[in-house]
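Trainee: This one is structure_18.pdb, PDB, C-alpha atoms.
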```
MODEL        1
ATOM      1  CA  MET P   1     188.112  85.799  -1.306
ATOM      2  CA  SER P   2     187.082  86.007  -4.975
ATOM      3  CA  LEU P   3     184.000  87.854  -6.171
ATOM      4  CA  PRO P   4     181.408  86.191  -8.455
ATOM      5  CA  VAL P   5     180.830  87.876 -11.797
ATOM      6  CA  VAL P   6     177.297  89.208 -11.343
ATOM      7  CA  HIS P   7     177.543  92.972 -11.704
ATOM      8  CA  SER P   8     180.507  94.995 -12.885
ATOM      9  CA  LEU P   9     183.622  94.502 -10.802
ATOM     10  CA  ARG P  10     183.435  98.085  -9.539
ATOM     11  CA  GLU P  11     179.831  97.577  -8.396
ATOM     12  CA  GLN P  12     180.712  94.363  -6.586
ATOM     13  CA  ILE P  13     183.564  96.076  -4.767
ATOM     14  CA  ARG P  14     181.346  99.032  -3.897
ATOM     15  CA  GLU P  15     178.718  96.672  -2.449
ATOM     16  CA  HIS P  16     181.424  94.874  -0.468
ATOM     17  CA  ILE P  17     182.589  98.153   1.074
ATOM     18  CA  VAL P  18     179.026  99.312   1.799
ATOM     19  CA  GLU P  19     178.325  95.984   3.501
ATOM     20  CA  GLY P  20     181.448  96.508   5.605
ATOM     21  CA  ILE P  21     180.244  99.950   6.669
ATOM     22  CA  VAL P  22     176.711  98.726   7.411
ATOM     23  CA  SER P  23     177.921  95.718   9.402
ATOM     24  CA  GLY P  24     180.370  97.786  11.416
ATOM     25  CA  ARG P  25     183.503  96.198  10.006
ATOM     26  CA  TRP P  26     184.686  99.729   9.294
ATOM     27  CA  LYS P  27     183.730 102.156  12.037
ATOM     28  CA  PRO P  28     183.194 105.930  11.562
ATOM     29  CA  GLY P  29     186.574 107.604  11.200
ATOM     30  CA  GLU P  30     188.341 104.328  10.425
ATOM     31  CA  ARG P  31     190.607 104.175   7.404
ATOM     32  CA  ILE P  32     189.681 101.938   4.467
ATOM     33  CA  VAL P  33     192.943 100.641   3.001
ATOM     34  CA  GLU P  34     192.725 100.334  -0.775
ATOM     35  CA  ARG P  35     195.559  97.803  -1.089
ATOM     36  CA  ARG P  36     194.132  95.576   1.642
ATOM     37  CA  ILE P  37     190.748  95.360  -0.093
ATOM     38  CA  ALA P  38     192.427  94.573  -3.422
ATOM     39  CA  VAL P  39     194.359  91.690  -1.844
ATOM     40  CA  GLU P  40     191.310  90.381   0.009
ATOM     41  CA  LEU P  41     189.130  90.369  -3.123
ATOM     42  CA  GLU P  42     191.960  89.282  -5.441
ATOM     43  CA  VAL P  43     191.574  92.265  -7.758
ATOM     44  CA  SER P  44     193.786  95.141  -8.848
ATOM     45  CA  GLN P  45     193.714  98.424  -6.964
ATOM     46  CA  THR P  46     192.193 100.328  -9.915
ATOM     47  CA  PRO P  47     188.550  99.123  -9.510
ATOM     48  CA  VAL P  48     188.880  99.492  -5.724
ATOM     49  CA  ARG P  49     189.958 103.104  -6.219
ATOM     50  CA  GLU P  50     187.010 103.681  -8.580
ATOM     51  CA  ALA P  51     184.557 102.199  -6.061
ATOM     52  CA  LEU P  52     185.956 104.407  -3.295
ATOM     53  CA  ARG P  53     185.561 107.480  -5.493
ATOM     54  CA  GLU P  54     181.905 106.611  -6.078
ATOM     55  CA  LEU P  55     181.321 106.219  -2.346
ATOM     56  CA  GLU P  56     183.068 109.516  -1.708
ATOM     57  CA  ALA P  57     180.726 111.181  -4.216
ATOM     58  CA  LEU P  58     177.841 109.689  -2.220
ATOM     59  CA  ARG P  59     179.367 111.144   0.975
ATOM     60  CA  LEU P  60     179.787 107.758   2.644
ATOM     61  CA  ILE P  61     183.520 108.156   2.899
ATOM     62  CA  GLU P  62     185.916 111.076   2.886
ATOM     63  CA  SER P  63     189.521 111.311   1.803
ATOM     64  CA  ALA P  64     192.395 113.685   2.386
ATOM     65  CA  PRO P  65     195.909 113.919   0.883
ATOM     66  CA  ASN P  66     198.316 111.470   2.520
ATOM     67  CA  LYS P  67     195.568 110.198   4.823
ATOM     68  CA  GLY P  68     193.597 107.915   2.513
ATOM     69  CA  ALA P  69     189.884 107.161   2.656
ATOM     70  CA  ARG P  70     187.952 107.078   5.918
ATOM     71  CA  VAL P  71     184.337 106.288   6.812
ATOM     72  CA  ARG P  72     182.312 109.418   7.451
ATOM     73  CA  ASN P  73     180.548 109.763  10.779
ATOM     74  CA  LEU P  74     177.070 109.346   9.301
ATOM     75  CA  THR P  75     173.914 110.290  11.179
ATOM     76  CA  ALA P  76     170.211 109.934  10.486
ATOM     77  CA  ALA P  77     170.306 113.564   9.338
ATOM     78  CA  ASP P  78     172.749 112.634   6.550
ATOM     79  CA  LEU P  79     170.371 109.981   5.284
ATOM     80  CA  GLU P  80     167.338 112.194   5.739
ATOM     81  CA  GLU P  81     168.698 114.898   3.422
ATOM     82  CA  ILE P  82     168.509 112.748   0.314
ATOM     83  CA  TYR P  83     164.808 111.909   0.597
ATOM     84  CA  PRO P  84     163.279 115.316  -0.328
ATOM     85  CA  VAL P  85     165.493 115.383  -3.442
ATOM     86  CA  ARG P  86     164.540 111.823  -4.354
ATOM     87  CA  ALA P  87     160.864 112.498  -3.617
ATOM     88  CA  GLY P  88     160.837 115.497  -5.947
ATOM     89  CA  LEU P  89     162.422 113.514  -8.765
ATOM     90  CA  GLU P  90     160.017 110.614  -8.337
ATOM     91  CA  GLN P  91     157.017 112.945  -8.222
ATOM     92  CA  ILE P  92     158.033 114.323 -11.626
ATOM     93  CA  ALA P  93     158.689 110.799 -12.904
ATOM     94  CA  ALA P  94     155.285 109.576 -11.718
ATOM     95  CA  GLU P  95     153.484 112.447 -13.425
ATOM     96  CA  LEU P  96     155.351 111.835 -16.690
ATOM     97  CA  ALA P  97     154.894 108.067 -16.491
ATOM     98  CA  ALA P  98     151.215 108.100 -15.481
ATOM     99  CA  PRO P  99     149.699 107.685 -18.982
ATOM    100  CA  ARG P 100     152.014 104.783 -19.794
ATOM    101  CA  LEU P 101     151.615 103.062 -16.425
ATOM    102  CA  ALA P 102     147.834 103.423 -16.529
ATOM    103  CA  GLU P 103     147.958 101.038 -19.504
ATOM    104  CA  ASP P 104     150.681  98.657 -18.319
ATOM    105  CA  VAL P 105     151.958  98.276 -14.764
ATOM    106  CA  SER P 106     153.372  94.776 -15.272
ATOM    107  CA  ALA P 107     156.974  95.850 -14.549
ATOM    108  CA  LEU P 108     155.908  97.343 -11.216
ATOM    109  CA  GLU P 109     153.658  94.382 -10.404
ATOM    110  CA  ALA P 110     156.578  91.979 -10.903
ATOM    111  CA  GLN P 111     158.587  93.797  -8.229
ATOM    112  CA  VAL P 112     155.595  93.881  -5.860
ATOM    113  CA  ALA P 113     155.236  90.089  -6.217
ATOM    114  CA  ARG P 114     158.891  89.683  -5.286
ATOM    115  CA  LEU P 115     158.441  92.059  -2.356
ATOM    116  CA  TYR P 116     155.617  89.880  -0.999
ATOM    117  CA  GLU P 117     158.024  86.931  -1.098
ATOM    118  CA  ALA P 118     160.744  88.985   0.615
ATOM    119  CA  ASP P 119     158.307  90.201   3.288
ATOM    120  CA  ARG P 120     157.190  86.656   4.068
ATOM    121  CA  ALA P 121     160.789  85.474   4.294
ATOM    122  CA  GLY P 122     161.946  88.507   6.273
ATOM    123  CA  ASP P 123     164.734  88.842   3.708
ATOM    124  CA  SER P 124     166.063  92.392   4.163
ATOM    125  CA  GLU P 125     168.477  92.127   1.233
ATOM    126  CA  ALA P 126     165.666  91.148  -1.130
ATOM    127  CA  GLN P 127     163.467  93.912   0.308
ATOM    128  CA  VAL P 128     166.150  96.467  -0.522
ATOM    129  CA  ARG P 129     166.813  94.996  -3.961
ATOM    130  CA  HIS P 130     163.192  94.900  -5.087
ATOM    131  CA  THR P 131     162.257  98.217  -3.468
ATOM    132  CA  VAL P 132     165.013  99.907  -5.458
ATOM    133  CA  ALA P 133     164.065  97.974  -8.606
ATOM    134  CA  PHE P 134     160.423  99.071  -8.227
ATOM    135  CA  HIS P 135     161.364 102.737  -8.021
ATOM    136  CA  ARG P 136     163.856 102.414 -10.877
ATOM    137  CA  GLU P 137     161.093 100.949 -13.078
ATOM    138  CA  LEU P 138     158.822 103.841 -12.096
ATOM    139  CA  VAL P 139     161.446 106.427 -13.027
ATOM    140  CA  ARG P 140     162.353 104.560 -16.224
ATOM    141  CA  ALA P 141     158.689 104.613 -17.275
ATOM    142  CA  ALA P 142     158.857 108.414 -17.411
ATOM    143  CA  GLY P 143     160.886 108.039 -20.590
ATOM    144  CA  ASN P 144     163.298 110.827 -19.627
ATOM    145  CA  SER P 145     166.962 109.790 -19.715
ATOM    146  CA  VAL P 146     168.157 112.898 -17.855
ATOM    147  CA  LEU P 147     165.707 112.204 -15.034
ATOM    148  CA  LEU P 148     166.769 108.553 -14.830
ATOM    149  CA  HIS P 149     170.475 109.443 -14.814
ATOM    150  CA  THR P 150     169.954 112.039 -12.075
ATOM    151  CA  TRP P 151     167.960 109.584  -9.973
ATOM    152  CA  GLU P 152     170.571 106.839 -10.360
ATOM    153  CA  SER P 153     173.390 109.244  -9.468
ATOM    154  CA  LEU P 154     171.861 109.600  -5.984
ATOM    155  CA  GLY P 155     172.903 106.038  -5.121
ATOM    156  CA  ILE P 156     169.382 105.045  -4.056
ATOM    157  CA  GLY P 157     170.357 101.421  -3.465
ATOM    158  CA  VAL P 158     173.183 102.350  -1.123
ATOM    159  CA  TRP P 159     171.113 104.819   0.909
ATOM    160  CA  THR P 160     168.126 102.439   1.082
ATOM    161  CA  THR P 161     170.421  99.714   2.421
ATOM    162  CA  LEU P 162     171.767 102.052   5.075
ATOM    163  CA  ALA P 163     168.317 103.319   6.075
ATOM    164  CA  ILE P 164     166.896  99.804   6.455
ATOM    165  CA  ARG P 165     169.830  97.887   7.867
ATOM    166  CA  TRP P 166     171.973 100.485   9.621
ATOM    167  CA  LEU P 167     169.261 102.667  11.159
ATOM    168  CA  GLY P 168     166.600  99.987  11.308
ATOM    169  CA  THR P 169     164.147 102.047   9.249
ATOM    170  CA  ARG P 170     161.424  99.611   8.229
ATOM    171  CA  GLN P 171     157.905  99.697   6.864
ATOM    172  CA  GLN P 172     155.154  97.369   8.060
ATOM    173  CA  SER P 173     154.945  95.770   4.620
ATOM    174  CA  TYR P 174     157.097  96.785   1.706
ATOM    175  CA  ALA P 175     154.833  94.939  -0.725
ATOM    176  CA  GLU P 176     151.563  96.482   0.454
ATOM    177  CA  GLU P 177     152.925 100.031   0.359
ATOM    178  CA  HIS P 178     154.202  99.578  -3.177
ATOM    179  CA  GLU P 179     151.037  97.810  -4.276
ATOM    180  CA  ALA P 180     149.129 100.949  -3.216
ATOM    181  CA  VAL P 181     151.311 102.981  -5.600
ATOM    182  CA  VAL P 182     150.584 100.531  -8.417
ATOM    183  CA  GLU P 183     146.854 100.828  -7.735
ATOM    184  CA  ALA P 184     147.066 104.634  -7.961
ATOM    185  CA  PHE P 185     148.534 104.331 -11.459
ATOM    186  CA  ARG P 186     145.972 101.696 -12.419
ATOM    187  CA  ARG P 187     142.995 103.854 -11.420
ATOM    188  CA  ARG P 188     144.539 106.942 -13.112
ATOM    189  CA  ASP P 189     144.609 108.895  -9.854
ATOM    190  CA  ALA P 190     145.194 112.570 -10.680
ATOM    191  CA  ARG P 191     147.233 112.890  -7.469
ATOM    192  CA  VAL P 192     149.602 110.021  -8.294
ATOM    193  CA  GLY P 193     152.660 112.291  -8.354
ATOM    194  CA  GLU P 194     151.853 113.665  -4.917
ATOM    195  CA  LEU P 195     151.117 110.163  -3.618
ATOM    196  CA  VAL P 196     154.502 108.910  -4.812
ATOM    197  CA  LYS P 197     156.190 111.914  -3.198
ATOM    198  CA  GLU P 198     154.431 111.204   0.115
ATOM    199  CA  HIS P 199     155.373 107.523  -0.146
ATOM    200  CA  VAL P 200     159.085 108.325  -0.561
ATOM    201  CA  LEU P 201     159.102 110.924   2.216
ATOM    202  CA  GLY P 202     157.345 108.437   4.493
ATOM    203  CA  CYS P 203     160.322 106.088   4.123
ATOM    204  CA  ALA P 204     162.849 108.691   5.283
ATOM    205  CA  PRO P 205     164.677 108.113   8.569
ATOM    206  CA  ARG P 206     164.042 110.698  11.250
ATOM    207  CA  ALA P 207     166.970 112.574  12.781
TER     208      ALA P 207
ENDMDL
END
```
Represent the structure of the file as structure tokens.
Mentor:
Amino acid sequence: MSLPVVHSLREQIREHIVEGIVSGRWKPGERIVERRIAVELEVSQTPVREALRELEALRLIESAPNKGARVRNLTAADLEEIYPVRAGLEQIAAELAAPRLAEDVSALEAQVARLYEADRAGDSEAQVRHTVAFHRELVRAAGNSVLLHTWESLGIGVWTTLAIRWLGTRQQSYAEEHEAVVEAFRRRDARVGELVKEHVLGCAPRA
């Protein structure tokens, strides 16, 4: 099985492993064999090792000397922990970005349009992709590289995928909820930071 060149090789391998965890190919406690993945994807072991390290940093897998990497026994509580941190970061981002987004919300609107398409199609992969892209655009609009780097280091895409597909955490309409955020920026709502925080916390799985 060869991987198409879309993202970096490491990112493609990471997504492949995450998909395996989400789908149940690798069960909690089961070992993920680096060499086997490399052979399956027709790549060297180096990018596989790098992808596994990233997933270990995100606490999806754990490794021990002479035992290799294994899938952590994740619970809703594990997923829930990340949301207050993310919500705080996005509240700050929204407050910093508010003046800019009050003038131009086109980047956010583009993701909302794609979310409407994903909602109509019931396409969970597209819902994850454009939900994450929407929030990345929001954080990017803050114009603070440290904030953006910190946000991206949380692995929002991975955790959103797990929350939606593994735990079945779903909103009624991804597009409508995000359109409400866009409208708050457009009308220069003084509470936009708090509204964004509430929006993120409302998406958190419940233990």
Trainee: Considering all atoms listed in the file, return as an NGL selection string whatever protein or nucleic-acid residues lie within 8 Å of Phe134 of chain P, sequence-local ones (same chain, fewer than 5 positions apart) excluded.
Mentor: :P and (107-108 or 111-112)
Trainee: Please, could you write that set of residues out with C-alpha atoms as a compact mmCIF listing (two decimals), in the frame of the given file?
Mentor:
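Output contents, as saved in result.txt:
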```txt
# COMPACT_ATOMS: atom_id res chain seq x y z
CA ALA P 107 156.97 95.85 -14.55
CA LEU P 108 155.91 97.34 -11.22
CA GLN P 111 158.59 93.80 -8.23
CA VAL P 112 155.60 93.88 -5.86
```
Trainee: Just the residues within 10 Å of Glu50 of chain P, please, counting all atoms listed in the file, with nothing from its chain fewer than 6 positions along; format it as a list in words.
Mentor: Arg10, Glu11, Ile13, Arg14 and Glu56 of chain P
Trainee: Using C-alpha atoms, can you write the selected residues to a file as a short mmCIF file (atom, residue, chain, number, x, y, z; two decimals), in the coordinates of the input?
Mentor:
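Written output follows (part_29.cif):
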```cif
data_model
loop_
_atom_site.label_atom_id
_atom_site.label_comp_id
_atom_site.auth_asym_id
_atom_site.auth_seq_id
_atom_site.Cartn_x
_atom_site.Cartn_y
_atom_site.Cartn_z
CA ARG P 10 183.44 98.08 -9.54
CA GLU P 11 179.83 97.58 -8.40
CA ILE P 13 183.56 96.08 -4.77
CA ARG P 14 181.35 99.03 -3.90
CA GLU P 56 183.07 109.52 -1.71
#
```
Trainee: Show which residues sit within 9 Å of Trp151 of chain P, as a count of residues only. Count only C-alpha atoms, and ignore same-chain residues fewer than 4 positions away.
Mentor: 9
Trainee: Select, counting all atoms listed in the file, all protein, DNA and RNA residues no farther than 12 Å from (160.8, 101.5, -9.6) in file coordinates, and express the selection as an mmCIF file with C-alpha atoms, in the frame of the given file.
Mentor:
```cif
data_model
loop_
_atom_site.group_PDB
_atom_site.id
_atom_site.type_symbol
_atom_site.label_atom_id
_atom_site.label_comp_id
_atom_site.auth_asym_id
_atom_site.auth_seq_id
_atom_site.Cartn_x
_atom_site.Cartn_y
_atom_site.Cartn_z
ATOM 1 C CA GLU P 90 160.017 110.614 -8.337
ATOM 2 C CA ALA P 93 158.689 110.799 -12.904
ATOM 3 C CA ALA P 94 155.285 109.576 -11.718
ATOM 4 C CA ALA P 97 154.894 108.067 -16.491
ATOM 5 C CA LEU P 101 151.615 103.062 -16.425
ATOM 6 C CA VAL P 105 151.958 98.276 -14.764
ATOM 7 C CA SER P 106 153.372 94.776 -15.272
ATOM 8 C CA ALA P 107 156.974 95.850 -14.549
ATOM 9 C CA LEU P 108 155.908 97.343 -11.216
ATOM 10 C CA GLU P 109 153.658 94.382 -10.404
ATOM 11 C CA ALA P 110 156.578 91.979 -10.903
ATOM 12 C CA GLN P 111 158.587 93.797 -8.229
ATOM 13 C CA VAL P 112 155.595 93.881 -5.860
ATOM 14 C CA VAL P 128 166.150 96.467 -0.522
ATOM 15 C CA ARG P 129 166.813 94.996 -3.961
ATOM 16 C CA HIS P 130 163.192 94.900 -5.087
ATOM 17 C CA THR P 131 162.257 98.217 -3.468
ATOM 18 C CA VAL P 132 165.013 99.907 -5.458
ATOM 19 C CA ALA P 133 164.065 97.974 -8.606
ATOM 20 C CA PHE P 134 160.423 99.071 -8.227
ATOM 21 C CA HIS P 135 161.364 102.737 -8.021
ATOM 22 C CA ARG P 136 163.856 102.414 -10.877
ATOM 23 C CA GLU P 137 161.093 100.949 -13.078
ATOM 24 C CA LEU P 138 158.822 103.841 -12.096
ATOM 25 C CA VAL P 139 161.446 106.427 -13.027
ATOM 26 C CA ARG P 140 162.353 104.560 -16.224
ATOM 27 C CA ALA P 141 158.689 104.613 -17.275
ATOM 28 C CA ALA P 142 158.857 108.414 -17.411
ATOM 29 C CA LEU P 148 166.769 108.553 -14.830
ATOM 30 C CA TRP P 151 167.960 109.584 -9.973
ATOM 31 C CA GLU P 152 170.571 106.839 -10.360
ATOM 32 C CA ILE P 156 169.382 105.045 -4.056
ATOM 33 C CA GLY P 157 170.357 101.421 -3.465
ATOM 34 C CA HIS P 178 154.202 99.578 -3.177
ATOM 35 C CA GLU P 179 151.037 97.810 -4.276
ATOM 36 C CA VAL P 181 151.311 102.981 -5.600
ATOM 37 C CA VAL P 182 150.584 100.531 -8.417
ATOM 38 C CA VAL P 196 154.502 108.910 -4.812
ATOM 39 C CA VAL P 200 159.085 108.325 -0.561
#
```
Trainee: For atom CA of Arg186 of chain P and atom CA of Asp104 of chain P, determine how far apart the two atoms are, in Å to one decimal place.
Mentor: 8.1 Å
Trainee: Which distance in Å separates atom CA of Asp119 of chain P and atom CA of Leu55 of chain P, to one decimal?
Mentor: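 Between these atoms lies a distance of 28.6 Å.
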Trainee: Go through P:Leu9, P:Ala180, P:Leu52, P:Ala76 one by one, measure the shortest atom-to-atom distance of each to Trp159 of chain P using all atoms listed in the file, and give the residue with the smallest value.
Mentor: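 When distances to Trp159 of chain P are compared using all atoms listed in the file, the smallest one comes from P:Ala76.
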Trainee: From the options P:Ala69, P:Ile21, P:Leu60, P:Gly193, which residue's atoms come nearest to Glu34 of chain P, counting all atoms listed in the file?
Mentor: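 Nearest candidate to Glu34 of chain P out of P:Ala69, P:Ile21, P:Leu60, P:Gly193: P:Ala69.
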Trainee: Within 8 Å of Lys197 of chain P, counting all atoms listed in the file, which residues show up once you throw out same-chain ones fewer than 6 positions away? Write them as a ChimeraX atom specification, please.
Mentor: /P:87-88,90-91
Trainee: Export C-alpha atoms of the chosen residues as a PDB file, in the coordinates of the input?
Mentor:
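This is the output file result16.pdb:
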```pdb
ATOM      1  CA  ALA P  87     160.864 112.498  -3.617  1.00  0.00           C
ATOM      2  CA  GLY P  88     160.837 115.497  -5.947  1.00  0.00           C
ATOM      3  CA  GLU P  90     160.017 110.614  -8.337  1.00  0.00           C
ATOM      4  CA  GLN P  91     157.017 112.945  -8.222  1.00  0.00           C
TER       5      GLN P  91
END
```
Trainee: For a quick check of understanding, using only C-alpha atoms, which of P:Gly202, P:Gly20, P:Gly143, P:Pro28 has the smallest distance to Thr75 of chain P?
Mentor: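 Using only C-alpha atoms, the shortest distance to Thr75 of chain P belongs to P:Pro28.
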Trainee: I'd like the interatomic distance between atom CA of Ala121 of chain P and atom CA of Ala175 of chain P, to a tenth of an Å.
Mentor: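 Pair atom CA of Ala121 of chain P / atom CA of Ala175 of chain P returns 12.3 Å.
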Trainee: Find the residue from P:Ser63, P:Ser8, P:Thr161, P:Ser44 that sits nearest to Ala126 of chain P; use all atoms listed in the file when measuring.
Mentor: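 Checking each candidate against Ala126 of chain P, we get P:Thr161 as the closest.
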Trainee: Kindly indicate which residue among P:Glu183, P:Glu117, P:Glu103, P:Glu80 lies nearest to Ala204 of chain P, using only C-alpha atoms for the distances.
Mentor: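 Going through P:Glu183, P:Glu117, P:Glu103, P:Glu80 one by one, the smallest distance to Ala204 of chain P is for P:Glu80.
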